[in-house]
Amino acid sequence: MSQKVSRKEIWYETLHSSFGQYFTVDQELYREKTAHQDLVIFENAALGRVMALDGVVQTTERDEFIYHEMMTHVPLLAHGNARRVLIIGGGDGGMLREVCRHKTVEQITMVEIDAGVVEFCRQYLPNHNAGSYDDSRFKLVIDDGVNFVNQTDEIYDVIISDCTDPIGPGESLFTSDFYAGCARCLQPEGIFVAQNGVCFLQQDEAVNSHQKLSHYFQDVSFYQAAIPTYYGGIMTFAWATNNSAYRQLDNATLQARFAASGITSRYYNPAIHQGSFALPQYLLNALSAQG
């Protein structure tokens, strides 16, 4: 929602009934209700261009690099030999941009339910994709993510679920059907990661994801990163694989892989990678209590 306050428009985000956050709107650039969701993008002096879907901020120019670097470099460098990558969602292009920086990746497929999001972001958030939509390794599929992972004949080394919160179109990407489909089209030694909310405020979502993923993968956990836009604590990413060694790589191995990649990052580094798997005790307690 938004309103005029002292001749300055204020855009409010309220994920919880008792508190939220606000952004001043220096200029509204775009607003449209697509077949699937309500999109808006506006300029904010502190965070640059801000995109929201259905009243929830999805990304800002100022801090998007933290989210996208951690969602890509952690699984890809942990795997060490990923050739085929599947991105579910990710219409803003930021995830694609970071995956494209890994020159050893040979094929990148992105499945986005809403073609309008892709077109909208290419025009209004060009720095997110930074030309990656033109990469020869990239293929865009407009489809529901659950349907795709349960129907495709392709097999992937890494799957990245860049989903919204489990409401509206994003709800299906937190279901057992989706996780089963991802396990189906993932290599036995592959890695699945997904956005899983701010666990201090959305602990039930993390617990539910952990419980469901554990039916399909032998090693299920989370890793974290501090992203200012997503208020309420540290952002949590689901992690699922059949190879527990991926989570226990030593610093020397990660350093060597990172150096070989030639990637220059703004947030990610091997020490951050290792430390991101250390979880707060309240989340460990909640996961342990599920039995």
# chains A, B, ... in the order shown; residues from 1 in each chain; ligands from 1
call {"tool": "closest_atom_pairs", "arguments": {"of": "segment 4-118 of chain A", "to": "segment 258-278 of chain A", "cutoff": "12 Å", "atoms": "only C-alpha atoms", "output": "tab-separated table"}}
result
residue	atom	partner	partner_atom	distance
A:Arg62	CA	A:Arg266	CA	11.6
A:Asp63	CA	A:Tyr267	CA	9.7
A:Glu64	CA	A:Tyr267	CA	10.3
A:Phe65	CA	A:Arg266	CA	7.1
A:Ile66	CA	A:Tyr267	CA	5.6
A:Tyr67	CA	A:Tyr267	CA	9.0
A:His68	CA	A:Tyr268	CA	9.7
A:Glu69	CA	A:Tyr268	CA	6.1
A:Met70	CA	A:Tyr268	CA	6.4
A:Met71	CA	A:Tyr268	CA	9.9
A:Thr72	CA	A:Tyr268	CA	9.8
A:His73	CA	A:Tyr268	CA	7.4
A:Val74	CA	A:His273	CA	6.2
A:Pro75	CA	A:His273	CA	9.6
A:Leu76	CA	A:Phe258	CA	10.0
A:Leu77	CA	A:Phe258	CA	7.0
A:Ala78	CA	A:His273	CA	9.0
A:His79	CA	A:Phe258	CA	11.8
A:Gly80	CA	A:Phe258	CA	9.6
A:Asn81	CA	A:Ser261	CA	11.2
A:Arg97	CA	A:Ile263	CA	11.9
A:Glu98	CA	A:Ile263	CA	9.3
A:Val99	CA	A:Ile263	CA	10.6
A:Cys100	CA	A:Ile263	CA	10.5
A:Arg101	CA	A:Ile263	CA	6.7
A:His102	CA	A:Ser261	CA	6.3
A:Lys103	CA	A:Ser261	CA	7.3
A:Thr104	CA	A:Ser261	CA	8.2
A:Val105	CA	A:Ser261	CA	10.7
call {"tool": "residues_around", "arguments": {"residues": "segment 237-240 of chain A", "least_positions_apart": "6", "cutoff": "9 Å", "atoms": "only C-alpha atoms", "output": "ChimeraX atom specification"}}
result
/A:70-71,75,190-198,206,209-210,213-214,216-225
call {"tool": "select_by_dssp", "arguments": {"residues": "segment 38-285 of chain A", "states": "strand (DSSP E or B)", "output": "VMD selection string"}}
result
chain A and resid 38 to 44 48 to 53 56 to 60 84 to 89 107 to 112 138 to 142 156 to 162 186 to 198 219 to 225 235 to 241
call {"tool": "closest_residue", "arguments": {"among": "A:Asp92, A:Glu205, A:Glu61, A:Asp135", "to": "Thr109 of chain A", "atoms": "only C-alpha atoms"}}
result
A:Asp135
call {"tool": "atom_distance", "arguments": {"atom1": "atom CA of Val40 of chain A", "atom2": "atom CA of His16 of chain A"}}
result
20.2 Å
call {"tool": "closest_residue", "arguments": {"among": "A:Gln211, A:Thr229, A:Asn127, A:Gln58", "to": "Tyr22 of chain A", "atoms": "only C-alpha atoms"}}
result
A:Thr229
call {"tool": "decode", "arguments": {"residues": "segment 106-124 of chain A", "atoms": "N, CA and C atoms", "output": "short mmCIF file (atom, residue, chain, number, x, y, z; two decimals), in the first residue's frame"}}
result
data_model
loop_
_atom_site.label_atom_id
_atom_site.label_comp_id
_atom_site.auth_asym_id
_atom_site.auth_seq_id
_atom_site.Cartn_x
_atom_site.Cartn_y
_atom_site.Cartn_z
N GLU A 106 27.51 -25.06 -18.77
CA GLU A 106 27.27 -25.20 -20.21
C GLU A 106 25.84 -24.91 -20.62
N GLN A 107 24.88 -25.09 -19.71
CA GLN A 107 23.48 -24.89 -20.05
C GLN A 107 22.75 -24.30 -18.85
N ILE A 108 21.97 -23.25 -19.10
CA ILE A 108 21.20 -22.59 -18.04
C ILE A 108 19.76 -22.48 -18.51
N THR A 109 18.86 -23.10 -17.78
CA THR A 109 17.44 -23.02 -18.07
C THR A 109 16.75 -22.25 -16.96
N MET A 110 15.92 -21.28 -17.33
CA MET A 110 15.15 -20.53 -16.35
C MET A 110 13.67 -20.72 -16.63
N VAL A 111 12.93 -21.14 -15.61
CA VAL A 111 11.49 -21.36 -15.74
C VAL A 111 10.77 -20.28 -14.94
N GLU A 112 10.06 -19.43 -15.64
CA GLU A 112 9.36 -18.30 -15.01
C GLU A 112 7.88 -18.40 -15.37
N ILE A 113 7.01 -18.33 -14.38
CA ILE A 113 5.58 -18.49 -14.63
C ILE A 113 4.98 -17.29 -15.35
N ASP A 114 5.58 -16.12 -15.18
CA ASP A 114 4.99 -14.88 -15.66
C ASP A 114 5.91 -14.18 -16.65
N ALA A 115 5.58 -14.25 -17.93
CA ALA A 115 6.40 -13.60 -18.95
C ALA A 115 6.45 -12.09 -18.73
N GLY A 116 5.41 -11.54 -18.12
CA GLY A 116 5.38 -10.11 -17.86
C GLY A 116 6.48 -9.65 -16.93
N VAL A 117 6.85 -10.50 -15.97
CA VAL A 117 7.92 -10.15 -15.04
C VAL A 117 9.25 -10.01 -15.79
N VAL A 118 9.52 -10.92 -16.70
CA VAL A 118 10.76 -10.89 -17.46
C VAL A 118 10.83 -9.61 -18.30
N GLU A 119 9.76 -9.32 -19.03
CA GLU A 119 9.74 -8.13 -19.88
C GLU A 119 9.88 -6.86 -19.05
N PHE A 120 9.16 -6.82 -17.96
CA PHE A 120 9.17 -5.67 -17.05
C PHE A 120 10.57 -5.43 -16.49
N CYS A 121 11.23 -6.49 -16.06
CA CYS A 121 12.55 -6.36 -15.43
C CYS A 121 13.64 -6.03 -16.45
N ARG A 122 13.52 -6.56 -17.65
CA ARG A 122 14.51 -6.23 -18.67
C ARG A 122 14.50 -4.73 -18.96
N GLN A 123 13.34 -4.12 -18.89
CA GLN A 123 13.24 -2.70 -19.18
C GLN A 123 13.60 -1.84 -17.97
N TYR A 124 13.11 -2.23 -16.79
CA TYR A 124 13.21 -1.35 -15.64
C TYR A 124 14.31 -1.72 -14.63
#
